[in-house]
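For reference, data.cif (mmCIF, C-alpha atoms):
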data_work
loop_
_atom_site.group_PDB
_atom_site.id
_atom_site.type_symbol
_atom_site.label_atom_id
_atom_site.label_comp_id
_atom_site.auth_asym_id
_atom_site.auth_seq_id
_atom_site.Cartn_x
_atom_site.Cartn_y
_atom_site.Cartn_z
ATOM 1 C CA MET A 1 60.247 70.009 -85.779
ATOM 2 C CA THR A 2 61.158 67.393 -83.269
ATOM 3 C CA ARG A 3 64.331 67.310 -81.323
ATOM 4 C CA SER A 4 66.098 64.055 -80.589
ATOM 5 C CA LEU A 5 67.002 63.261 -77.004
ATOM 6 C CA THR A 6 70.599 63.676 -76.132
ATOM 7 C CA PRO A 7 72.319 61.519 -73.514
ATOM 8 C CA THR A 8 72.019 64.318 -71.027
ATOM 9 C CA ASP A 9 68.251 64.513 -71.544
ATOM 10 C CA GLN A 10 67.627 60.876 -70.795
ATOM 11 C CA ALA A 11 66.660 59.964 -67.290
ATOM 12 C CA GLU A 12 69.024 57.777 -65.422
ATOM 13 C CA PRO A 13 67.633 54.354 -64.581
ATOM 14 C CA ASP A 14 66.468 53.852 -60.996
ATOM 15 C CA VAL A 15 68.814 51.381 -59.419
ATOM 16 C CA ALA A 16 66.196 50.458 -56.838
ATOM 17 C CA THR A 17 63.748 49.057 -59.399
ATOM 18 C CA ASP A 18 65.721 45.854 -59.858
ATOM 19 C CA ALA A 19 65.948 45.186 -56.123
ATOM 20 C CA GLN A 20 63.738 42.454 -54.727
ATOM 21 C CA PRO A 21 61.320 43.492 -51.955
ATOM 22 C CA GLY A 22 62.215 42.223 -48.525
ATOM 23 C CA PRO A 23 61.365 42.693 -44.841
ATOM 24 C CA PRO A 24 61.948 46.180 -43.449
ATOM 25 C CA ALA A 25 65.324 46.657 -41.896
ATOM 26 C CA ARG A 26 65.344 46.780 -38.090
ATOM 27 C CA PRO A 27 66.755 49.937 -36.586
ATOM 28 C CA ALA A 28 70.157 49.494 -35.091
ATOM 29 C CA PRO A 29 70.200 49.575 -31.293
ATOM 30 C CA ALA A 30 71.123 52.924 -29.901
ATOM 31 C CA THR A 31 74.257 51.679 -28.267
ATOM 32 C CA GLY A 32 75.884 55.040 -28.690
ATOM 33 C CA ALA A 33 73.142 56.790 -26.683
ATOM 34 C CA TRP A 34 73.338 54.292 -23.829
ATOM 35 C CA GLY A 35 77.093 54.432 -23.885
ATOM 36 C CA GLY A 36 76.995 58.212 -23.701
ATOM 37 C CA ARG A 37 74.618 58.124 -20.749
ATOM 38 C CA LEU A 38 76.705 55.574 -18.887
ATOM 39 C CA ALA A 39 79.825 57.595 -19.553
ATOM 40 C CA GLU A 40 78.112 60.731 -18.285
ATOM 41 C CA LEU A 41 76.912 58.956 -15.132
ATOM 42 C CA ALA A 42 80.368 57.516 -14.541
ATOM 43 C CA ARG A 43 81.916 60.945 -15.032
ATOM 44 C CA GLY A 44 79.492 62.546 -12.584
ATOM 45 C CA PHE A 45 80.052 59.788 -10.035
ATOM 46 C CA GLY A 46 83.789 60.183 -10.352
ATOM 47 C CA TRP A 47 83.650 63.933 -9.744
ATOM 48 C CA ALA A 48 81.323 63.385 -6.784
ATOM 49 C CA MET A 49 83.759 60.909 -5.271
ATOM 50 C CA LEU A 50 86.598 63.358 -5.842
ATOM 51 C CA GLY A 51 84.725 66.137 -4.056
ATOM 52 C CA THR A 52 83.804 63.814 -1.191
ATOM 53 C CA ALA A 53 87.408 62.682 -0.842
ATOM 54 C CA ALA A 54 88.560 66.314 -0.683
ATOM 55 C CA VAL A 55 86.064 67.095 2.105
ATOM 56 C CA VAL A 56 87.043 63.970 4.046
ATOM 57 C CA LEU A 57 90.719 64.886 3.682
ATOM 58 C CA LEU A 58 90.111 68.381 5.048
ATOM 59 C CA TRP A 59 88.075 66.866 7.856
ATOM 60 C CA GLN A 60 90.914 64.474 8.680
ATOM 61 C CA LEU A 61 93.401 67.364 8.753
ATOM 62 C CA ALA A 62 91.132 69.329 11.103
ATOM 63 C CA SER A 63 90.718 66.347 13.439
ATOM 64 C CA SER A 64 94.469 65.769 13.503
ATOM 65 C CA ARG A 65 95.029 69.346 14.705
ATOM 66 C CA SER A 66 92.288 69.261 17.347
ATOM 67 C CA THR A 67 91.550 66.336 19.608
ATOM 68 C CA ASP A 68 87.992 67.618 20.154
ATOM 69 C CA VAL A 69 87.017 67.134 16.517
ATOM 70 C CA PRO A 70 86.142 63.496 15.761
ATOM 71 C CA ALA A 71 87.914 61.855 12.845
ATOM 72 C CA PRO A 72 85.939 60.766 9.762
ATOM 73 C CA LEU A 73 86.339 57.122 10.734
ATOM 74 C CA ASP A 74 84.869 57.822 14.186
ATOM 75 C CA GLY A 75 81.900 59.600 12.628
ATOM 76 C CA ALA A 76 81.324 56.720 10.211
ATOM 77 C CA ARG A 77 81.410 54.170 13.037
ATOM 78 C CA THR A 78 78.943 56.207 15.076
ATOM 79 C CA LEU A 79 76.635 56.575 12.079
ATOM 80 C CA ILE A 80 76.632 52.824 11.520
ATOM 81 C CA ASP A 81 75.929 52.275 15.209
ATOM 82 C CA LEU A 82 73.009 54.737 15.164
ATOM 83 C CA LEU A 83 71.488 53.123 12.087
ATOM 84 C CA SER A 84 71.873 49.599 13.465
ATOM 85 C CA ASP A 85 68.899 50.203 15.816
ATOM 86 C CA PRO A 86 67.305 53.544 14.917
ATOM 87 C CA PHE A 87 63.833 53.003 16.413
ATOM 88 C CA TYR A 88 64.421 51.904 19.991
ATOM 89 C CA ASN A 89 62.553 53.736 22.731
ATOM 90 C CA ASN A 90 63.812 53.535 26.310
ATOM 91 C CA GLY A 91 62.064 56.643 27.579
ATOM 92 C CA PRO A 92 61.772 60.344 26.761
ATOM 93 C CA ASN A 93 65.521 60.976 26.912
ATOM 94 C CA ASP A 94 66.711 57.748 25.267
ATOM 95 C CA LYS A 95 65.301 57.232 21.786
ATOM 96 C CA GLY A 96 66.726 56.051 18.502
ATOM 97 C CA VAL A 97 67.759 58.534 15.878
ATOM 98 C CA GLY A 98 65.049 57.221 13.556
ATOM 99 C CA LEU A 99 62.329 58.278 15.993
ATOM 100 C CA HIS A 100 63.871 61.737 16.270
ATOM 101 C CA LEU A 101 63.988 62.053 12.479
ATOM 102 C CA GLY A 102 60.359 60.941 12.230
ATOM 103 C CA THR A 103 59.270 63.564 14.750
ATOM 104 C CA SER A 104 61.151 66.297 12.908
ATOM 105 C CA LEU A 105 59.720 65.238 9.540
ATOM 106 C CA GLN A 106 56.191 65.273 10.946
ATOM 107 C CA ARG A 107 56.640 68.840 12.176
ATOM 108 C CA VAL A 108 58.227 69.946 8.918
ATOM 109 C CA PHE A 109 55.487 68.421 6.765
ATOM 110 C CA THR A 110 52.742 69.954 8.909
ATOM 111 C CA GLY A 111 54.234 73.437 8.825
ATOM 112 C CA PHE A 112 55.116 73.099 5.150
ATOM 113 C CA ALA A 113 51.574 72.024 4.234
ATOM 114 C CA LEU A 114 50.058 75.008 6.050
ATOM 115 C CA ALA A 115 52.554 77.372 4.437
ATOM 116 C CA SER A 116 51.863 75.904 0.992
ATOM 117 C CA VAL A 117 48.100 76.384 1.225
ATOM 118 C CA VAL A 118 48.285 79.905 2.643
ATOM 119 C CA GLY A 119 51.218 80.940 0.448
ATOM 120 C CA VAL A 120 49.672 79.781 -2.831
ATOM 121 C CA LEU A 121 46.246 81.295 -2.139
ATOM 122 C CA ALA A 122 47.615 84.588 -0.829
ATOM 123 C CA GLY A 123 50.201 84.748 -3.597
ATOM 124 C CA MET A 124 47.529 84.280 -6.256
ATOM 125 C CA LEU A 125 45.492 87.115 -4.760
ATOM 126 C CA ILE A 126 48.436 89.481 -4.408
ATOM 127 C CA GLY A 127 49.812 88.706 -7.852
ATOM 128 C CA ALA A 128 46.467 89.022 -9.620
ATOM 129 C CA SER A 129 45.312 92.205 -7.858
ATOM 130 C CA ARG A 130 47.290 95.429 -8.005
ATOM 131 C CA ARG A 131 45.454 96.768 -4.947
ATOM 132 C CA ALA A 132 46.270 93.665 -2.902
ATOM 133 C CA TRP A 133 49.929 93.976 -3.945
ATOM 134 C CA LEU A 134 50.088 97.593 -2.806
ATOM 135 C CA ALA A 135 48.385 96.747 0.475
ATOM 136 C CA PHE A 136 50.342 93.663 1.535
ATOM 137 C CA ASN A 137 53.749 93.973 -0.123
ATOM 138 C CA PRO A 138 55.121 96.383 2.558
ATOM 139 C CA VAL A 139 54.006 93.997 5.311
ATOM 140 C CA ILE A 140 55.647 91.056 3.570
ATOM 141 C CA GLN A 141 58.905 92.928 3.055
ATOM 142 C CA VAL A 142 59.018 93.871 6.755
ATOM 143 C CA LEU A 143 58.263 90.398 8.130
ATOM 144 C CA ARG A 144 60.231 88.337 5.615
ATOM 145 C CA PRO A 145 63.764 89.150 6.901
ATOM 146 C CA VAL A 146 62.888 88.339 10.534
ATOM 147 C CA SER A 147 64.928 85.442 11.885
ATOM 148 C CA PRO A 148 62.918 82.226 12.316
ATOM 149 C CA LEU A 149 64.103 81.863 15.908
ATOM 150 C CA ALA A 150 62.657 85.282 16.758
ATOM 151 C CA TRP A 151 59.176 83.878 16.102
ATOM 152 C CA PHE A 152 59.554 81.015 18.574
ATOM 153 C CA PRO A 153 58.816 83.002 21.768
ATOM 154 C CA ILE A 154 55.729 84.523 20.140
ATOM 155 C CA TRP A 155 54.257 81.187 19.131
ATOM 156 C CA LEU A 156 55.275 79.628 22.458
ATOM 157 C CA ALA A 157 53.345 82.362 24.292
ATOM 158 C CA VAL A 158 50.339 81.770 22.032
ATOM 159 C CA PHE A 159 50.155 77.966 22.207
ATOM 160 C CA LYS A 160 51.904 77.268 25.538
ATOM 161 C CA ASP A 161 53.291 74.156 23.843
ATOM 162 C CA ALA A 162 56.786 73.830 22.382
ATOM 163 C CA PRO A 163 55.991 71.245 19.656
ATOM 164 C CA GLN A 164 53.082 73.321 18.325
ATOM 165 C CA ALA A 165 55.219 76.437 18.485
ATOM 166 C CA SER A 166 57.872 74.632 16.424
ATOM 167 C CA VAL A 167 55.312 73.767 13.755
ATOM 168 C CA PHE A 168 54.200 77.373 13.428
ATOM 169 C CA VAL A 169 57.782 78.594 13.265
ATOM 170 C CA ILE A 170 58.170 76.280 10.277
ATOM 171 C CA PHE A 171 54.920 77.660 8.883
ATOM 172 C CA ILE A 172 55.950 81.314 9.094
ATOM 173 C CA THR A 173 59.421 80.532 7.746
ATOM 174 C CA ALA A 174 58.265 78.425 4.797
ATOM 175 C CA LEU A 175 55.473 80.864 3.947
ATOM 176 C CA TRP A 176 57.515 83.641 2.340
ATOM 177 C CA PRO A 177 59.270 81.807 -0.533
ATOM 178 C CA THR A 178 56.012 80.231 -1.684
ATOM 179 C CA LEU A 179 54.000 83.428 -1.339
ATOM 180 C CA ILE A 180 56.518 85.680 -3.081
ATOM 181 C CA ASN A 181 57.211 83.296 -5.958
ATOM 182 C CA THR A 182 53.501 82.631 -6.472
ATOM 183 C CA ALA A 183 52.737 86.340 -6.524
ATOM 184 C CA ALA A 184 55.540 86.979 -8.995
ATOM 185 C CA GLY A 185 54.322 84.213 -11.283
ATOM 186 C CA ALA A 186 50.704 85.394 -11.124
ATOM 187 C CA ALA A 187 51.754 88.970 -11.914
ATOM 188 C CA GLN A 188 53.768 88.001 -15.012
ATOM 189 C CA ILE A 189 50.987 86.493 -17.105
ATOM 190 C CA PRO A 190 51.480 87.375 -20.811
ATOM 191 C CA HIS A 191 49.120 90.029 -22.169
ATOM 192 C CA ASP A 192 48.136 87.733 -25.031
ATOM 193 C CA HIS A 193 46.697 85.209 -22.591
ATOM 194 C CA ARG A 194 44.744 87.913 -20.810
ATOM 195 C CA ASN A 195 43.402 89.214 -24.098
ATOM 196 C CA VAL A 196 42.269 85.734 -25.112
ATOM 197 C CA ALA A 197 40.482 85.389 -21.774
ATOM 198 C CA ARG A 198 38.678 88.679 -22.433
ATOM 199 C CA VAL A 199 37.712 87.680 -25.963
ATOM 200 C CA PHE A 200 36.219 84.391 -24.818
ATOM 201 C CA ARG A 201 34.698 86.089 -21.763
ATOM 202 C CA PHE A 202 36.223 83.747 -19.204
ATOM 203 C CA GLY A 203 34.639 83.787 -15.804
ATOM 204 C CA ARG A 204 36.744 83.913 -12.665
ATOM 205 C CA LEU A 205 36.948 80.157 -12.298
ATOM 206 C CA ALA A 206 37.776 79.638 -15.978
ATOM 207 C CA TYR A 207 40.428 82.369 -15.852
ATOM 208 C CA LEU A 208 41.899 80.824 -12.712
ATOM 209 C CA ARG A 209 41.965 77.330 -14.200
ATOM 210 C CA HIS A 210 43.072 78.021 -17.757
ATOM 211 C CA VAL A 211 45.206 81.156 -17.454
ATOM 212 C CA LEU A 212 46.349 82.035 -13.945
ATOM 213 C CA ILE A 213 47.350 78.653 -12.518
ATOM 214 C CA PRO A 214 49.122 77.245 -15.634
ATOM 215 C CA ASN A 215 51.201 80.405 -16.041
ATOM 216 C CA ALA A 216 52.036 80.725 -12.345
ATOM 217 C CA LEU A 217 52.729 77.012 -11.801
ATOM 218 C CA PRO A 218 56.503 77.065 -12.519
ATOM 219 C CA SER A 219 56.966 79.905 -10.026
ATOM 220 C CA ILE A 220 54.793 78.100 -7.478
ATOM 221 C CA ILE A 221 56.926 74.981 -7.771
ATOM 222 C CA THR A 222 60.112 76.990 -7.316
ATOM 223 C CA GLY A 223 58.666 78.568 -4.179
ATOM 224 C CA LEU A 224 57.612 75.200 -2.747
ATOM 225 C CA ARG A 225 61.063 73.761 -3.306
ATOM 226 C CA LEU A 226 62.721 76.712 -1.576
ATOM 227 C CA SER A 227 60.229 76.502 1.273
ATOM 228 C CA MET A 228 60.939 72.829 1.888
ATOM 229 C CA GLY A 229 64.698 73.404 1.997
ATOM 230 C CA ILE A 230 64.343 76.299 4.427
ATOM 231 C CA ALA A 231 61.883 74.387 6.616
ATOM 232 C CA TRP A 232 64.253 71.435 6.979
ATOM 233 C CA MET A 233 67.107 73.757 7.931
ATOM 234 C CA VAL A 234 65.080 75.703 10.479
ATOM 235 C CA ILE A 235 63.624 72.693 12.295
ATOM 236 C CA VAL A 236 67.048 71.742 13.670
ATOM 237 C CA ALA A 237 67.570 75.160 15.244
ATOM 238 C CA VAL A 238 64.016 75.329 16.575
ATOM 239 C CA GLU A 239 64.219 71.904 18.195
ATOM 240 C CA MET A 240 67.411 72.934 19.955
ATOM 241 C CA LEU A 241 65.319 75.576 21.696
ATOM 242 C CA SER A 242 62.072 73.668 22.109
ATOM 243 C CA GLY A 243 63.467 70.635 23.240
ATOM 244 C CA ASN A 244 62.702 67.136 24.179
ATOM 245 C CA SER A 245 62.400 65.414 20.790
ATOM 246 C CA GLY A 246 63.455 65.762 17.182
ATOM 247 C CA ILE A 247 66.774 65.605 15.378
ATOM 248 C CA GLY A 248 67.673 69.098 16.595
ATOM 249 C CA PHE A 249 67.218 67.983 20.183
ATOM 250 C CA PHE A 250 69.345 64.919 19.437
ATOM 251 C CA VAL A 251 72.171 67.119 18.151
ATOM 252 C CA TRP A 252 72.035 69.457 21.150
ATOM 253 C CA ASP A 253 71.735 66.595 23.644
ATOM 254 C CA SER A 254 74.724 64.823 22.082
ATOM 255 C CA TYR A 255 76.768 68.020 22.276
ATOM 256 C CA ASN A 256 75.920 68.503 25.954
ATOM 257 C CA ALA A 257 76.975 64.920 26.590
ATOM 258 C CA GLY A 258 80.321 65.546 24.857
ATOM 259 C CA ASP A 259 79.529 63.041 22.108
ATOM 260 C CA LEU A 260 80.664 64.973 19.035
ATOM 261 C CA SER A 261 80.792 61.802 16.952
ATOM 262 C CA SER A 262 77.014 61.538 17.303
ATOM 263 C CA VAL A 263 76.729 65.211 16.345
ATOM 264 C CA VAL A 264 78.714 64.577 13.163
ATOM 265 C CA ALA A 265 76.651 61.471 12.357
ATOM 266 C CA ALA A 266 73.435 63.450 12.868
ATOM 267 C CA ILE A 267 74.711 66.177 10.529
ATOM 268 C CA VAL A 268 75.286 63.571 7.825
ATOM 269 C CA LEU A 269 71.782 62.178 8.349
ATOM 270 C CA ILE A 270 70.239 65.656 8.209
ATOM 271 C CA GLY A 271 72.008 66.337 4.929
ATOM 272 C CA LEU A 272 70.955 63.017 3.390
ATOM 273 C CA VAL A 273 67.318 63.480 4.401
ATOM 274 C CA GLY A 274 67.353 66.999 2.977
ATOM 275 C CA LEU A 275 68.783 65.665 -0.287
ATOM 276 C CA ILE A 276 66.047 63.027 -0.503
ATOM 277 C CA LEU A 277 63.297 65.559 0.223
ATOM 278 C CA ASP A 278 64.576 67.881 -2.475
ATOM 279 C CA ALA A 279 64.869 65.047 -5.007
ATOM 280 C CA ILE A 280 61.309 63.875 -4.304
ATOM 281 C CA LEU A 281 59.917 67.379 -4.637
ATOM 282 C CA VAL A 282 61.796 67.946 -7.905
ATOM 283 C CA ARG A 283 60.477 64.674 -9.351
ATOM 284 C CA LEU A 284 56.894 65.444 -8.351
ATOM 285 C CA SER A 285 57.144 69.026 -9.566
ATOM 286 C CA ARG A 286 58.313 67.901 -13.000
ATOM 287 C CA LYS A 287 55.305 65.614 -13.378
ATOM 288 C CA VAL A 288 52.887 68.314 -12.288
ATOM 289 C CA ALA A 289 54.523 70.903 -14.538
ATOM 290 C CA ILE A 290 54.287 68.597 -17.574
ATOM 291 C CA GLU A 291 50.615 67.838 -16.949
ATOM 292 C CA GLU A 292 49.570 71.440 -16.361
ATOM 293 C CA VAL A 293 51.887 73.618 -18.425
ATOM 294 C CA GLN A 294 52.720 71.696 -21.555
ATOM 295 C CA PRO A 295 49.927 71.013 -24.076
#
Would you write the structure of this file as structure tokens?
Amino acid sequence: MTRSLTPTDQAEPDVATDAQPGPPARPAPATGAWGGRLAELARGFGWAMLGTAAVVLLWQLASSRSTDVPAPLDGARTLIDLLSDPFYNNGPNDKGVGLHLGTSLQRVFTGFALASVVGVLAGMLIGASRRAWLAFNPVIQVLRPVSPLAWFPIWLAVFKDAPQASVFVIFITALWPTLINTAAGAAQIPHDHRNVARVFRFGRLAYLRHVLIPNALPSIITGLRLSMGIAWMVIVAVEMLSGNSGIGFFVWDSYNAGDLSSVVAAIVLIGLVGLILDAILVRLSRKVAIEEVQP
């Protein structure tokens, strides 16, 4: 017995069958995404300008209450004057601020490079070996809180040279963040990754390349970034003690000469250079992290 189709049983006609084929439609430009990004950048810039204006206003109030504190306009004029000819050299005690910055950066990079090599290697060993952790962790915890300036007389007695002593003060100061973060990252490898290494019978080099370094890399990068920031802060104080070159010497020499406007201008330059160093390290660290960590 056959059943006749009711209207509800019949399929509805496809409205697209009568349409003529044509070229594929082009996607609409993502104007909303670009507009959102521009709005976000404009918002961030506006808040940054607001914060800067608040600091400048407080600075102006402080300078109005004390004649010894230079006004923001005086500091800006001095900064422009220093940057107009930053690389002149009229003798040991009369150099441009650019030469002083270059000397300080050279010392920071040298000490930072030494600290990075030693810190990463030692951190890998301490993090991967329980015995090494038990042996060296007490020593690290004792030496880590020591003030960077306390190391300067020791290194000065060893090298009999203030610039070399400054480099090794940077080295010992920048060592601890890299070493501790590397050790922490190497010690927190997931058990699943270790089990896979055992199943496939990884050798030491294969375990180091495929398991230890990729898992510890984010912690290593964090330690390197902290080390660079600390190294750039410490170099100013060390050069005030060591003294005949560097941005720290420039600050101290300007203070002794009663030129506080130059001190303020140097502070602004130190902050800008530190910001650039941090931004460069963050950009490089992101590229390295993507290549090593992500599949």
Proximity of region 50-125 of chain A to region 235-253 of chain A: per-residue shortest pair, 6 Å limit, all atoms listed in the file, as a tab-separated table:
residue	atom	partner	partner_atom	distance
A:His100	CA	A:Gly246	CA	4.1
A:Leu101	CA	A:Ile247	CA	5.4
A:Thr103	CA	A:Gly246	CA	5.3
A:Ser104	CA	A:Gly246	CA	4.9
Using only C-alpha atoms, which protein or nucleic acid residues come within 12 Å of Ser129 (chain A)? Drop anything in the same chain fewer than 4 positions from it, and give the result as a short mmCIF file (atom, residue, chain, number, x, y, z; two decimals) with C-alpha atoms, keeping the file's coordinate frame.
data_model
loop_
_atom_site.label_atom_id
_atom_site.label_comp_id
_atom_site.auth_asym_id
_atom_site.auth_seq_id
_atom_site.Cartn_x
_atom_site.Cartn_y
_atom_site.Cartn_z
CA ALA A 122 47.62 84.59 -0.83
CA GLY A 123 50.20 84.75 -3.60
CA MET A 124 47.53 84.28 -6.26
CA LEU A 125 45.49 87.12 -4.76
CA TRP A 133 49.93 93.98 -3.94
CA LEU A 134 50.09 97.59 -2.81
CA ALA A 135 48.38 96.75 0.48
CA PHE A 136 50.34 93.66 1.54
CA ASN A 137 53.75 93.97 -0.12
CA ALA A 183 52.74 86.34 -6.52
CA ALA A 184 55.54 86.98 -8.99
CA ALA A 186 50.70 85.39 -11.12
CA ALA A 187 51.75 88.97 -11.91
CA GLN A 188 53.77 88.00 -15.01
CA LEU A 212 46.35 82.04 -13.94
#
**OP:** Rank nothing, just name the residue among A:Val264, A:Ala115, A:Ala279, A:Ile213 nearest to Ser227 (chain A), using all atoms listed in the file.
**Re:** A:Ala115
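If you look at CA of Asn89 (chain A) and CA of Asp74 (chain A), they are 24.2 Å away from each other.
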**OP:** Give me, please, the distance in Å between CA of Phe152 (chain A) and CA of Pro177 (chain A), quoted to one decimal.
**Re:** 19.1 Å
**OP:** Evaluate the PyMOL selection byres ((chain A and resi 79) around 9) and record the selected residues as JSON, numbers by chain, following the chain and residue labels used in the document.
**Re:** {"A": [74, 75, 76, 77, 78, 80, 81, 82, 83, 84, 261, 262, 264, 265, 266, 268, 269]}
Original post:
Taking into account all atoms listed in the file, which residue in the set A:Leu281, A:Met233, A:Ile154, A:Ala33 is nearest to Ile267 (chain A)?
Top reply: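 Among the listed residues, A:Met233 lies closest to Ile267 (chain A).
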